[in-house]
Structures are given as C-alpha cells and as structure tokens.
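Structure file coords-v6.cif with mmCIF, C-alpha atoms:
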```cif
data_start
loop_
_atom_site.label_atom_id
_atom_site.label_comp_id
_atom_site.auth_asym_id
_atom_site.auth_seq_id
_atom_site.Cartn_x
_atom_site.Cartn_y
_atom_site.Cartn_z
CA MET A 1 212.55 56.34 183.94
CA GLU A 2 215.57 58.41 184.74
CA ILE A 3 215.13 61.20 187.24
CA THR A 4 217.42 64.11 186.58
CA ARG A 5 218.99 66.27 189.26
CA ARG A 6 216.73 69.13 188.17
CA GLN A 7 213.63 66.99 188.64
CA ILE A 8 214.77 65.95 192.10
CA LEU A 9 215.11 69.58 193.07
CA VAL A 10 211.46 70.16 192.16
CA LEU A 11 210.12 66.88 193.51
CA LEU A 12 211.65 67.03 196.99
CA PRO A 13 209.98 70.28 198.11
CA ALA A 14 206.70 69.08 196.57
CA ALA A 15 206.96 65.85 198.55
CA ALA A 16 207.71 67.86 201.72
CA VAL A 17 204.57 69.96 201.21
CA ALA A 18 202.48 66.83 200.58
CA TRP A 19 203.87 65.18 203.72
CA LYS A 20 202.81 68.19 205.77
CA PHE A 21 199.22 67.58 204.72
CA VAL A 22 199.51 63.90 205.56
CA LEU A 23 200.74 64.78 209.05
CA ALA A 24 197.94 67.29 209.59
CA GLY A 25 195.37 64.45 209.71
CA THR A 26 191.64 64.85 209.18
CA PRO A 27 190.32 68.39 208.76
CA GLU A 28 188.39 70.08 211.60
CA ALA A 29 184.72 69.23 211.97
CA SER A 30 183.82 72.91 212.28
CA PRO A 31 185.74 74.54 209.43
CA ASN A 32 185.26 78.14 210.56
CA TYR A 33 186.38 77.51 214.11
CA LYS A 34 190.02 78.43 214.86
CA LEU A 35 191.57 76.75 217.88
CA THR A 36 194.04 79.55 218.45
CA GLU A 37 191.46 82.33 218.55
CA HIS A 38 189.71 81.27 221.75
CA TRP A 39 190.49 80.73 225.41
CA TRP A 40 187.42 79.41 227.16
CA GLY A 41 186.30 79.85 230.74
CA MET A 42 183.12 80.45 232.66
CA LEU A 43 181.71 83.08 234.94
CA ILE A 44 179.46 82.09 237.83
CA ASP A 45 177.49 84.83 239.53
CA ILE A 46 176.75 83.32 242.95
CA PRO A 47 174.19 85.95 244.06
CA LYS A 48 172.09 85.10 240.99
CA CYS A 49 171.97 81.32 241.50
CA ILE A 50 168.59 80.03 242.70
CA GLY A 51 169.62 76.38 242.94
CA CYS A 52 166.91 75.19 240.53
CA GLY A 53 169.13 72.47 239.07
CA SER A 54 168.32 73.31 235.44
CA CYS A 55 172.00 73.28 234.59
CA VAL A 56 172.51 69.83 236.12
CA ARG A 57 169.57 68.36 234.21
CA ALA A 58 170.58 70.07 230.96
CA CYS A 59 174.14 68.78 231.30
CA ALA A 60 172.93 65.22 231.81
CA GLU A 61 170.68 65.47 228.75
CA GLU A 62 173.20 67.14 226.48
CA ASN A 63 176.10 64.88 227.37
CA ASP A 64 174.34 61.62 228.21
CA VAL A 65 175.75 61.58 231.75
CA PRO A 66 174.87 58.35 233.61
CA GLU A 67 172.42 58.63 236.49
CA GLY A 68 174.06 59.34 239.83
CA TYR A 69 177.08 61.00 238.20
CA TYR A 70 177.46 64.71 237.58
CA ARG A 71 179.65 66.76 235.29
CA THR A 72 178.24 69.83 236.98
CA TRP A 73 176.41 70.04 240.29
CA ILE A 74 175.12 72.60 242.77
CA GLU A 75 176.07 72.81 246.42
CA ARG A 76 174.03 74.59 249.05
CA TYR A 77 176.13 76.28 251.69
CA HIS A 78 174.93 77.12 255.14
CA VAL A 79 177.50 79.08 257.11
CA ALA A 80 176.47 79.48 260.73
CA ASP A 81 177.56 82.71 262.39
CA TRP A 82 179.87 81.04 264.86
CA LYS A 83 181.26 78.31 262.56
CA ILE A 84 182.67 80.13 259.58
CA GLU A 85 185.41 77.53 259.17
CA LYS A 86 183.00 74.60 258.93
CA PRO A 87 180.15 75.36 256.56
CA GLU A 88 177.37 72.81 256.09
CA VAL A 89 177.39 71.76 252.45
CA GLU A 90 174.77 69.60 250.81
CA SER A 91 174.03 68.55 247.25
CA PRO A 92 171.14 66.05 247.08
CA ASN A 93 171.37 64.30 243.66
CA GLY A 94 173.76 67.03 242.58
CA GLY A 95 170.90 69.48 243.05
CA GLN A 96 169.27 68.31 239.81
CA ASN A 97 165.77 68.32 241.30
CA GLY A 98 166.23 71.52 243.24
CA PHE A 99 166.69 71.63 246.99
CA PRO A 100 164.31 70.78 249.83
CA PRO A 101 162.71 73.80 251.51
CA HIS A 102 165.03 75.47 253.96
CA VAL A 103 163.94 78.11 256.43
CA ASP A 104 166.15 81.01 257.30
CA ASP A 105 167.83 80.17 260.60
CA GLY A 106 170.53 82.79 260.53
CA GLY A 107 174.00 82.74 259.09
CA LYS A 108 174.70 82.82 255.41
CA ASN A 109 172.88 80.65 252.88
CA PHE A 110 173.76 80.46 249.20
CA PHE A 111 174.22 78.11 246.26
CA VAL A 112 177.50 77.36 244.52
CA PRO A 113 177.35 75.66 241.11
CA LYS A 114 180.44 73.58 240.42
CA LEU A 115 181.97 72.15 237.31
CA CYS A 116 185.38 71.44 235.82
CA ASN A 117 187.49 74.58 236.20
CA HIS A 118 189.29 73.95 232.89
CA CYS A 119 192.59 74.75 234.53
CA ALA A 120 195.34 76.12 232.35
CA GLU A 121 197.88 74.18 234.44
CA SER A 122 195.57 71.27 235.07
CA PRO A 123 196.77 68.63 237.55
CA CYS A 124 194.61 65.95 235.93
CA THR A 125 196.25 66.15 232.50
CA GLN A 126 199.72 66.13 234.05
CA VAL A 127 199.21 62.72 235.66
CA CYS A 128 197.68 60.93 232.67
CA PRO A 129 200.16 58.19 231.69
CA VAL A 130 198.89 57.73 228.13
CA GLY A 131 197.97 61.20 226.90
CA ALA A 132 194.24 60.51 227.04
CA THR A 133 193.42 63.82 228.66
CA PHE A 134 194.75 67.17 227.62
CA VAL A 135 194.25 70.91 227.49
CA THR A 136 193.23 71.92 223.97
CA PRO A 137 194.85 74.97 222.35
CA ASP A 138 191.62 76.87 223.15
CA GLY A 139 191.83 76.06 226.85
CA VAL A 140 189.35 73.22 227.36
CA VAL A 141 190.32 70.08 229.27
CA LEU A 142 189.05 67.07 227.33
CA VAL A 143 189.19 63.29 227.62
CA ASP A 144 190.00 61.08 224.64
CA LYS A 145 187.66 58.17 225.34
CA SER A 146 189.33 55.86 222.85
CA TYR A 147 192.70 56.36 224.57
CA CYS A 148 191.69 56.34 228.25
CA LEU A 149 192.67 53.23 230.19
CA GLY A 150 190.44 54.00 233.16
CA CYS A 151 193.38 54.03 235.58
CA ARG A 152 191.77 56.74 237.76
CA TYR A 153 194.95 58.78 238.25
CA CYS A 154 193.18 61.88 236.99
CA VAL A 155 190.18 61.28 239.25
CA GLN A 156 192.53 61.41 242.22
CA ALA A 157 194.53 64.33 240.89
CA CYS A 158 191.64 66.75 240.35
CA PRO A 159 191.55 69.02 243.41
CA TYR A 160 187.94 69.96 242.67
CA GLY A 161 186.49 66.43 242.43
CA CYS A 162 185.22 67.06 238.93
CA ARG A 163 186.07 63.70 237.40
CA PHE A 164 184.50 60.27 237.62
CA ILE A 165 184.70 56.92 235.89
CA ASN A 166 181.75 56.35 233.59
CA PRO A 167 180.40 52.92 234.60
CA ARG A 168 179.26 52.21 231.04
CA THR A 169 182.54 52.87 229.25
CA ASN A 170 184.95 52.51 232.21
CA THR A 171 186.75 55.62 231.09
CA ALA A 172 187.30 58.92 232.82
CA GLU A 173 184.65 61.52 232.23
CA LYS A 174 184.23 65.18 233.02
CA CYS A 175 182.74 68.45 231.85
CA SER A 176 183.82 69.13 228.26
CA LEU A 177 182.52 72.71 228.45
CA CYS A 178 180.08 71.44 225.78
CA TYR A 179 182.95 71.48 223.32
CA HIS A 180 180.65 70.21 220.56
CA ARG A 181 178.47 73.30 221.12
CA ILE A 182 181.00 76.08 221.67
CA THR A 183 182.93 75.13 218.53
CA LYS A 184 179.68 75.63 216.59
CA GLY A 185 179.20 79.12 218.02
CA LEU A 186 176.63 78.07 220.65
CA THR A 187 176.89 78.45 224.40
CA THR A 188 177.05 75.48 226.77
CA ALA A 189 173.86 73.61 227.68
CA CYS A 190 174.07 74.75 231.33
CA CYS A 191 174.48 78.42 230.40
CA LYS A 192 171.71 78.08 227.83
CA VAL A 193 169.09 76.95 230.32
CA CYS A 194 170.14 78.98 233.38
CA PRO A 195 166.99 81.05 234.05
CA THR A 196 168.75 83.83 235.95
CA GLY A 197 171.96 84.12 233.93
CA ALA A 198 174.07 82.96 236.86
CA ARG A 199 176.31 80.98 234.51
CA GLN A 200 177.96 82.59 231.52
CA LEU A 201 180.39 81.12 229.06
CA ALA A 202 183.41 83.38 228.63
CA ASP A 203 185.95 83.63 225.85
CA LEU A 204 188.95 85.25 227.47
CA LYS A 205 190.71 85.78 224.14
CA ASN A 206 187.80 87.74 222.69
CA PRO A 207 188.31 91.41 223.59
CA LYS A 208 184.59 92.09 223.07
CA ASP A 209 183.49 89.46 225.60
CA PRO A 210 181.69 91.11 228.58
CA ILE A 211 183.82 88.96 230.92
CA HIS A 212 186.66 91.50 230.84
CA GLU A 213 184.46 94.35 232.02
CA PHE A 214 182.97 92.07 234.67
CA LEU A 215 186.35 90.94 235.99
CA ARG A 216 187.49 94.55 236.26
CA THR A 217 184.45 95.75 238.16
CA HIS A 218 183.60 92.85 240.48
CA THR A 219 185.18 90.88 243.30
CA VAL A 220 185.88 87.68 241.45
CA GLN A 221 187.72 84.59 242.69
CA VAL A 222 188.57 81.10 241.54
CA LEU A 223 188.35 77.97 243.68
CA LYS A 224 191.53 76.91 245.55
CA PRO A 225 193.78 79.65 244.13
CA HIS A 226 196.62 78.47 246.39
CA MET A 227 196.94 75.35 244.24
CA ALA A 228 197.96 77.47 241.24
CA THR A 229 195.94 75.39 238.83
CA GLY A 230 195.12 78.33 236.59
CA ALA A 231 191.41 77.68 237.07
CA LYS A 232 189.22 79.51 234.53
CA VAL A 233 185.83 79.25 236.24
CA PHE A 234 185.39 82.61 237.93
CA TYR A 235 183.05 83.05 240.87
CA ASN A 236 181.55 86.42 241.61
CA ASP A 237 180.94 87.41 245.24
CA MET A 238 182.11 84.07 246.63
CA ASP A 239 182.11 83.55 250.37
CA GLY A 240 185.46 82.72 251.98
CA SER A 241 184.06 79.47 253.35
CA VAL A 242 183.62 77.93 249.89
CA ARG A 243 186.07 75.12 249.22
CA MET N 244 248.32 29.45 224.83
CA GLN N 245 248.92 31.39 221.62
CA SER N 246 250.98 34.11 223.24
CA ALA N 247 253.96 31.69 223.32
CA GLY N 248 254.87 32.33 219.68
CA ARG N 249 253.93 36.09 219.60
CA PRO N 250 252.47 36.55 216.02
CA GLY N 251 252.87 39.59 213.76
CA LEU N 252 250.49 42.53 213.24
CA GLY N 253 248.44 40.83 210.49
CA ALA N 254 247.91 37.79 212.64
CA GLU N 255 246.93 39.99 215.59
CA SER N 256 244.06 41.61 213.68
CA ALA N 257 243.05 38.16 212.48
CA ILE N 258 242.63 37.25 216.15
CA LEU N 259 240.72 40.48 216.80
CA PHE N 260 238.20 39.75 214.01
CA LYS N 261 238.23 36.00 214.48
CA ASP N 262 234.75 36.03 216.03
CA ILE N 263 233.45 38.86 213.89
CA GLU N 264 230.37 36.93 212.90
CA HIS N 265 229.12 37.11 216.50
CA LEU N 266 229.20 40.88 216.26
CA VAL N 267 227.55 40.85 212.86
CA ARG N 268 224.76 38.66 214.19
CA LEU N 269 224.29 40.94 217.17
CA ALA N 270 224.21 44.00 214.92
CA ALA N 271 221.68 42.28 212.66
CA VAL N 272 219.43 41.48 215.62
CA ILE N 273 219.60 45.09 216.82
CA ALA N 274 218.95 46.39 213.30
CA ILE N 275 215.94 44.11 212.87
CA ALA N 276 214.59 45.09 216.29
CA LEU N 277 215.03 48.77 215.40
CA VAL N 278 213.23 48.38 212.08
CA ALA N 279 210.46 46.36 213.75
CA PHE N 280 210.09 49.08 216.39
CA VAL N 281 209.85 51.84 213.80
CA ILE N 282 207.29 49.92 211.73
CA LEU N 283 205.22 48.92 214.78
CA ARG N 284 205.29 52.43 216.16
CA ALA N 285 204.13 53.87 212.85
CA ALA N 286 201.33 51.31 212.73
CA VAL N 287 200.18 51.64 216.34
CA VAL N 288 200.56 55.34 217.17
CA PRO N 289 197.74 57.38 215.60
CA ARG N 290 198.87 59.82 212.97
CA SER N 291 197.58 62.87 214.80
CA PHE N 292 199.33 62.01 218.07
CA GLY N 293 201.61 64.91 218.93
CA GLN N 294 199.93 67.31 216.53
CA TYR N 295 199.21 69.80 219.34
CA GLY N 296 200.88 68.07 222.28
CA HIS N 297 201.21 64.68 223.95
CA TYR N 298 197.78 63.49 222.89
CA ARG N 299 195.78 62.48 219.84
CA GLY N 300 195.01 65.69 217.94
CA ALA N 301 192.06 64.10 216.15
CA ALA N 302 190.33 63.67 219.53
CA ILE N 303 189.57 67.41 219.49
CA SER N 304 187.59 67.30 216.26
CA GLU N 305 185.95 64.02 217.33
CA THR N 306 184.67 65.68 220.50
CA ALA N 307 183.60 68.75 218.55
CA SER N 308 181.62 66.73 216.00
CA ARG N 309 179.14 65.26 218.50
CA PRO N 310 175.48 66.17 217.83
CA VAL N 311 173.79 68.93 219.82
CA ALA N 312 170.80 68.09 222.06
CA PHE N 313 169.60 71.60 222.95
CA ALA N 314 168.30 73.34 219.83
CA GLY N 315 168.23 76.87 221.25
CA HIS N 316 165.68 79.66 221.26
CA ASP N 317 165.98 80.42 217.54
CA ALA N 318 164.77 76.95 216.60
CA CYS N 319 161.67 77.31 218.83
CA GLU N 320 160.79 80.78 217.53
CA VAL N 321 160.34 79.54 213.97
CA CYS N 322 157.12 77.66 214.77
CA HIS N 323 155.96 78.69 218.27
CA THR N 324 155.45 82.38 217.56
CA ASP N 325 152.34 82.53 219.78
CA VAL N 326 154.30 81.35 222.82
CA VAL N 327 157.17 83.70 222.03
CA ASP N 328 154.71 86.63 221.94
CA GLN N 329 153.23 85.54 225.27
CA LYS N 330 156.66 85.25 226.85
CA LYS N 331 157.63 88.73 225.71
CA LEU N 332 154.85 90.18 227.88
CA GLY N 333 156.04 88.55 231.08
CA LYS N 334 159.08 88.09 233.24
CA HIS N 335 159.80 84.65 231.79
CA VAL N 336 161.10 86.25 228.62
CA VAL N 337 164.64 85.64 229.88
CA VAL N 338 164.05 81.93 230.50
CA ALA N 339 165.04 79.65 227.62
CA CYS N 340 162.24 77.37 226.35
CA GLU N 341 164.39 74.32 226.96
CA ALA N 342 165.03 75.27 230.58
CA CYS N 343 161.58 73.84 231.38
CA HIS N 344 160.78 71.73 228.31
CA GLY N 345 164.13 69.95 228.16
CA ALA N 346 166.39 69.32 225.17
CA GLN N 347 164.36 69.57 221.96
CA ALA N 348 166.84 69.36 219.09
CA ARG N 349 165.28 66.08 217.95
CA HIS N 350 161.81 67.65 218.09
CA ALA N 351 163.09 70.58 216.04
CA ASP N 352 164.52 68.21 213.43
CA ASP N 353 161.34 66.15 213.17
CA PRO N 354 158.43 68.02 214.82
CA SER N 355 155.67 65.56 213.94
CA SER N 356 157.12 62.29 215.19
CA VAL N 357 159.12 63.50 218.21
CA GLN N 358 156.79 65.25 220.64
CA PRO N 359 157.90 66.83 223.91
CA ARG N 360 156.36 65.51 227.10
CA LYS N 361 153.61 67.47 228.84
CA LEU N 362 155.03 69.11 231.93
CA ASP N 363 153.68 68.92 235.47
CA THR N 364 153.69 72.53 236.60
CA ALA N 365 153.44 71.51 240.25
CA VAL N 366 156.96 70.06 239.91
CA ILE N 367 158.56 72.27 237.27
CA CYS N 368 157.60 75.64 238.75
CA ALA N 369 158.54 74.60 242.28
CA ARG N 370 162.12 73.84 241.23
CA CYS N 371 162.74 77.52 240.78
CA HIS N 372 160.07 79.16 242.92
CA GLU N 373 159.95 76.96 246.05
CA ALA N 374 160.99 79.12 248.99
CA ASN N 375 164.52 78.54 250.16
CA ALA N 376 166.68 80.62 252.43
CA ALA N 377 169.64 80.17 250.09
CA LYS N 378 167.85 81.82 247.16
CA PRO N 379 168.46 85.50 246.53
CA LYS N 380 165.89 87.59 248.44
CA SER N 381 164.80 89.45 245.30
CA PHE N 382 163.80 86.23 243.54
CA PRO N 383 160.01 85.51 243.66
CA GLN N 384 159.48 82.43 245.80
CA VAL N 385 156.59 80.78 247.63
CA ALA N 386 156.15 77.86 250.02
CA THR N 387 154.03 75.78 247.64
CA SER N 388 152.28 73.89 250.45
CA ASP N 389 150.86 77.19 251.77
CA HIS N 390 150.51 78.93 248.43
CA SER N 391 148.70 76.32 246.37
CA GLY N 392 148.31 73.29 248.60
CA GLY N 393 149.75 70.94 246.00
CA PHE N 394 147.55 72.11 243.10
CA ALA N 395 149.27 72.52 239.75
CA CYS N 396 150.43 76.10 239.22
CA ASP N 397 148.81 76.37 235.77
CA ASN N 398 145.34 76.31 237.39
CA CYS N 399 145.88 80.03 238.03
CA HIS N 400 149.12 81.05 236.33
CA GLN N 401 149.94 80.88 232.67
CA PRO N 402 153.53 79.58 232.76
CA HIS N 403 154.72 81.52 229.72
CA ARG N 404 153.39 84.77 231.23
CA PRO N 405 153.08 83.99 234.92
CA LYS N 406 151.63 87.23 236.29
CA ILE N 407 147.91 86.57 236.85
CA GLU N 408 145.78 88.27 234.20
CA ALA N 409 143.36 90.19 236.47
CA GLU N 410 146.25 91.84 238.26
CA LYS N 411 147.92 92.44 234.96
CA THR N 412 145.11 94.49 233.42
CA ALA N 413 144.68 96.40 236.66
CA THR N 414 148.24 97.63 236.64
CA ALA N 415 148.93 99.25 233.31
CA LYS N 416 152.37 100.09 234.58
CA LEU N 417 153.46 96.45 234.47
CA LYS N 418 152.18 96.05 230.95
CA THR N 419 154.31 98.82 229.51
CA GLY N 420 157.22 97.58 231.58
CA GLY N 421 156.99 94.14 230.00
CA LYS N 422 156.59 95.38 226.44
CA LYS N 423 159.93 97.09 226.00
#
```

Conversion result in structure tokens:
Amino acid sequence: MEITRRQILVLLPAAAVAWKFVLAGTPEASPNYKLTEHWWGMLIDIPKCIGCGSCVRACAEENDVPEGYYRTWIERYHVADWKIEKPEVESPNGGQNGFPPHVDDGGKNFFVPKLCNHCAESPCTQVCPVGATFVTPDGVVLVDKSYCLGCRYCVQACPYGCRFINPRTNTAEKCSLCYHRITKGLTTACCKVCPTGARQLADLKNPKDPIHEFLRTHTVQVLKPHMATGAKVFYNDMDGSVR
Amino acid sequence: MQSAGRPGLGAESAILFKDIEHLVRLAAVIAIALVAFVILRAAVVPRSFGQYGHYRGAAISETASRPVAFAGHDACEVCHTDVVDQKKLGKHVVVACEACHGAQARHADDPSSVQPRKLDTAVICARCHEANAAKPKSFPQVATSDHSGGFACDNCHQPHRPKIEAEKTATAKLKTGGKK
C-alpha cells in the first residue's frame, strides 16, 4: 500500500498522540485523586498527646510493620529544671503499649509523637542511588520496594531516624503517610485512632483545611529547622529541648 | 620507506584509506554496542521511570492501591447502632471504635466469619487512663493499682459510656451536656 504525503501528515500527529498515552503508563488506582491538587503534611498538638500508643499500634496494623520496628513512635520527655540541654527521653517499644507510671518529680514532662516529616527537600531521597525513594508530586516521601537495593544510604541520611530496613524484605521502609488511605479520601490510621485529636492530617494545598488557621494562631515549629529539610510535620507548643 | 619516491595526490589518499576497513570495523562495533544499549535500556528501564522525576512513576499508584485495614467509623455505624447511641451520651464519643478494637476492615467486609477479639479492659483502659506526669493535667487519669486494684474496669464502668450510671442520673447537668 502506498502512503501519500497527505496521509503521512495525518498519521504522524495521530501516532504522536498515541505515543503519549503509551508513555503515560497504567492509569491511577484512584481515578478521582489528582496528584497536583494536594500537598500533604501533619499537625501534632503536643499538649493533647496522652502517650497511649494507639497511633503506634494502628500504624503497625495498617502497614504490616514488623515487630520491633516503628514507622511512628512516641517519646516521653522529662526535662529537669537544671538540665534543659539534656532532656531524658524514653520510648519503650516505641510507646505502643503506653508508658510505665511516672510520678511528677518536677521539671517538664510531655510526650512527642514522631514520624517521617515528609520533607519537601528530603535528604533521604537525595542520596538514593537508584531512584527507589522519592517525593511524590503531592508531597509524600515514598519507597519503591521493587526498586530498593537495601543499601541503607537513606537510613543514614534521614536526620530524624525515621527509616529502617525491613528484615523480611531487606528494603528500606518508612511512614508512607498511609498513602493508600489518603488517596482514597481517608485520613491516616494514626490520625484515625488518636483519641484526643493530637495528630491531624493536613493538606497544605487545600485552602479550606483548618491547618492554615491553626498555623496562623499558634506557636508551631518543625523538628531540626536548621537543617532546612522543608519538614511538613508541624508541632504545636513544642519545648525547645526536643530534638 | 615509501617516502623515497614521493607519490602523487591520488596515491597519497590511497595510503590514507589503506587501512579503512579497521575504521569500518571499529565503527560497526560502536554502532552495534549503541543499538544493543538502546534496546537493553528500553527493555530494562520501566516505562514509567521518569514520568514525574527520577523514579518509577507507577510506584505511586502501586502504593496507593494497597488495601485499607482500618474501616472507619462509618462502617461500624451501619450495624452497631446501639453502641453508637451509647457512645453519644458519654465522653468517648470522640474516640474512634478502632482505637480500642483494632483494625476491623476485614470484619466489616465479612462480619460473620471474622470476629474481633474480646478486649481486656484492665489493659486497654489503662493505656490511656493510667496516671502519668507527662499526660496533660486536664486528662482523666488514675493510678490503676489504687483505683481498682487490678480488677477489670468494666466491672464498674461501661467502656462506651464510661461515667458511672448512678452518678450520671444524679447529675442531670452532665446528661444534657453529653446529648448535644
């Protein structure tokens, strides 16, 4: 069959359009979810945290986290009056079974829940040699299990100690901000079960999200701001001794 | 030496291209290597790599497509209306069912064959309400050893509506406070 010049002119753009679809790959699992319309973070209200460990247990159940490893955990701080630089920090089993009784012996006592800060300029994704970890267009740091070599660079690079090597798969693992839940319009497992509302998922790109009002009206910090990681887990009323 | 009888221009280029087949072979090897590289790369690198950045774009939808373990309050409300009504009368109305009962998505999918475990209130309640200096002062807390001496909390308290009933009826104020 002869192809005329006219036919070529029609066929080439058609082929270009078709190729675009080939490059796009498989369609999204959640069809109504738009990557570009969200920018996820979390708000942690320290004065509300009771250290019950519900979040830690929920995280382990939701994400099948191996025993002895934690994607989120709770630390109890005891800051003695005369040792503000050296707080006593403990986290027995990540705080998943609560904390042993502790009598008031002065100083400051409070709980600090920790998790991946989903940094916008995340150090962990920058060191990955194979592109197995990345910041998604909606601001969540994820690990591609099928691509991870288990080289541990990212574990070392995270300034917050949020990563570990899963002993079952030998790949890096971390908080995914329950990506499989938030893309379906749900909140994270930890926020879902928090009995006091100390943890709240925040969509920083949604102008109606209460996070904006909260950030305006409260003294809110991120962990290690001097490292310029662009951390998106915001802590309300955080003591200066928290590292 | 050939330079003795200095040849003409035509002969000079003949010398220049005398070993041309070496160059052709080299070019062929490079061309084959290049083609092999392009084919291998296309075969090995996943199609979605580079779609959003230096990573496999399909990994995003793979992560997003995982099943959910926590069903959420709406799923519980469909069947357990009695418990929901009880909770509405007490302070535990803000606590999600699965905060104590654990992830129940599988129970919600198949209520008859997947049954949640019975909870030990002596353990579950203490996780939140055991006295601890680090807890906010306004949060209700007891030293369980003094308060109940190790007895399960549900001997006296109804966990879904924890305020003890006798006190509850006595103070009508609390009742109206809980109803709104």

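Checking N:Val288, N:Val267, N:Leu332, N:Ala301 one by one against Pro405 (chain N), counting all atoms listed in the file, you find the shortest gap at N:Leu332.
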
Practice problem: Give me, as a PyMOL selection string, the contact residues of chain A against chain N at a cut-off of 6 Å, counting all atoms listed in the file. | Solution: chain A and resi 25+28-29+50+52+62+98+101-104+109-110+131+144+179-180+193+195

Exercise. List the neighbours of Gly95 (chain A) out to 8 Å using all atoms listed in the file; skip same-chain residues closer than 4 positions along the sequence, and give me the result as a count of residues only.
Key: 9

Exercise. Kindly give the distance, in Å, that separates CA of Phe111 (chain A) and CA of Pro225 (chain A), rounded to a single decimal.
Key: 19.7 Å

Quiz item: If you apply the PyMOL selection byres ((chain A and resi 156) around 12) to this file, what residues do you get, as a list in words?
Solution: Pro123, Cys124, Thr125, Gln126, Val127, Cys128, Gly150, Cys151, Arg152, Tyr153, Cys154, Val155, Ala157, Cys158, Pro159, Tyr160, Gly161, Cys162, Arg163, Phe164, Ile165 and Ala172 of chain A

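Nearest to Gly185 (chain A) of all the residues A:Asp203, A:Glu213, A:Asp237, A:Glu121 is A:Asp203, counting all atoms listed in the file.
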
Can you list, as a PDB file with C-alpha atoms, keeping the file's coordinate frame, the residues that the PyMOL selection byres ((chain A and resi 116) around 6) selects here?
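So out-v2.pdb came out as:
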```pdb
ATOM      1  CA  LEU A 115     181.970  72.150 237.310  1.00  0.00           C
ATOM      2  CA  ASN A 117     187.490  74.580 236.200  1.00  0.00           C
ATOM      3  CA  HIS A 118     189.290  73.950 232.890  1.00  0.00           C
ATOM      4  CA  CYS A 162     185.220  67.060 238.930  1.00  0.00           C
ATOM      5  CA  CYS A 175     182.740  68.450 231.850  1.00  0.00           C
TER       6      CYS A 175
END
```

Quiz prompt | Close residues, His78 (chain A) itself excluded, 7 Å, all atoms listed in the file, min 6 positions apart in chain, as a PyMOL selection string | solution = chain A and resi 87-89+107-110

Filtering to C-alpha atoms, could you give me those residues as a JSON list (two decimals), in the frame of the given file?
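Contents of part-v7.json, as written:
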```json
[["chain", "number", "residue", "atom", "x", "y", "z"],
["A", 87, "PRO", "CA", 180.15, 75.36, 256.56],
["A", 88, "GLU", "CA", 177.37, 72.81, 256.09],
["A", 89, "VAL", "CA", 177.39, 71.76, 252.45],
["A", 107, "GLY", "CA", 174.00, 82.74, 259.09],
["A", 108, "LYS", "CA", 174.70, 82.82, 255.41],
["A", 109, "ASN", "CA", 172.88, 80.65, 252.88],
["A", 110, "PHE", "CA", 173.76, 80.46, 249.20]]
```

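A search radius of 12 Å centred on (148.5, 80.0, 229.6), applied to only C-alpha atoms, returns the residues Asp325, Val326, Asp328, Gln329, Lys330, Gly333, Thr364, Cys396, Asp397, Asn398, Cys399, His400, Gln401, Pro402, His403, Arg404, Pro405, Lys406, Ile407 and Glu408 of chain N.
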
Quiz item: What does the PyMOL selection byres ((chain A and resi 81) around 8) select in this file, as a PyMOL selection string?
Solution: chain A and resi 79-80+82-84+106-108

Could you complete region 323-336 of chain N so that it carries N, CA and C atoms, and give it back as a CSV table (one decimal), keeping the file's coordinate frame?
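Listing of rebuild.csv after writing:
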```
chain,number,residue,atom,x,y,z
N,323,HIS,N,156.8,78.3,217.1
N,323,HIS,CA,156.0,78.7,218.3
N,323,HIS,C,155.9,80.2,218.5
N,324,THR,N,155.5,80.9,217.5
N,324,THR,CA,155.4,82.4,217.6
N,324,THR,C,154.5,82.9,218.6
N,325,ASP,N,153.3,82.1,218.8
N,325,ASP,CA,152.3,82.5,219.8
N,325,ASP,C,152.9,82.5,221.2
N,326,VAL,N,153.7,81.4,221.5
N,326,VAL,CA,154.3,81.4,222.8
N,326,VAL,C,155.4,82.4,223.0
N,327,VAL,N,156.1,82.7,221.9
N,327,VAL,CA,157.2,83.7,222.0
N,327,VAL,C,156.5,85.1,222.3
N,328,ASP,N,155.4,85.4,221.7
N,328,ASP,CA,154.7,86.6,221.9
N,328,ASP,C,154.2,86.7,223.4
N,329,GLN,N,153.7,85.6,223.9
N,329,GLN,CA,153.2,85.5,225.3
N,329,GLN,C,154.4,85.8,226.2
N,330,LYS,N,155.5,85.1,226.0
N,330,LYS,CA,156.7,85.2,226.8
N,330,LYS,C,157.2,86.7,226.9
N,331,LYS,N,157.1,87.4,225.8
N,331,LYS,CA,157.6,88.7,225.7
N,331,LYS,C,156.9,89.7,226.7
N,332,LEU,N,155.6,89.3,227.0
N,332,LEU,CA,154.8,90.2,227.9
N,332,LEU,C,155.1,89.9,229.3
N,333,GLY,N,155.8,88.9,229.7
N,333,GLY,CA,156.0,88.6,231.1
N,333,GLY,C,157.5,88.5,231.5
N,334,LYS,N,157.7,88.1,232.7
N,334,LYS,CA,159.1,88.1,233.2
N,334,LYS,C,159.8,86.9,232.7
N,335,HIS,N,159.1,85.9,232.3
N,335,HIS,CA,159.8,84.6,231.8
N,335,HIS,C,160.4,84.8,230.4
N,336,VAL,N,160.5,86.0,229.9
N,336,VAL,CA,161.1,86.2,228.6
N,336,VAL,C,162.6,85.9,228.6
```
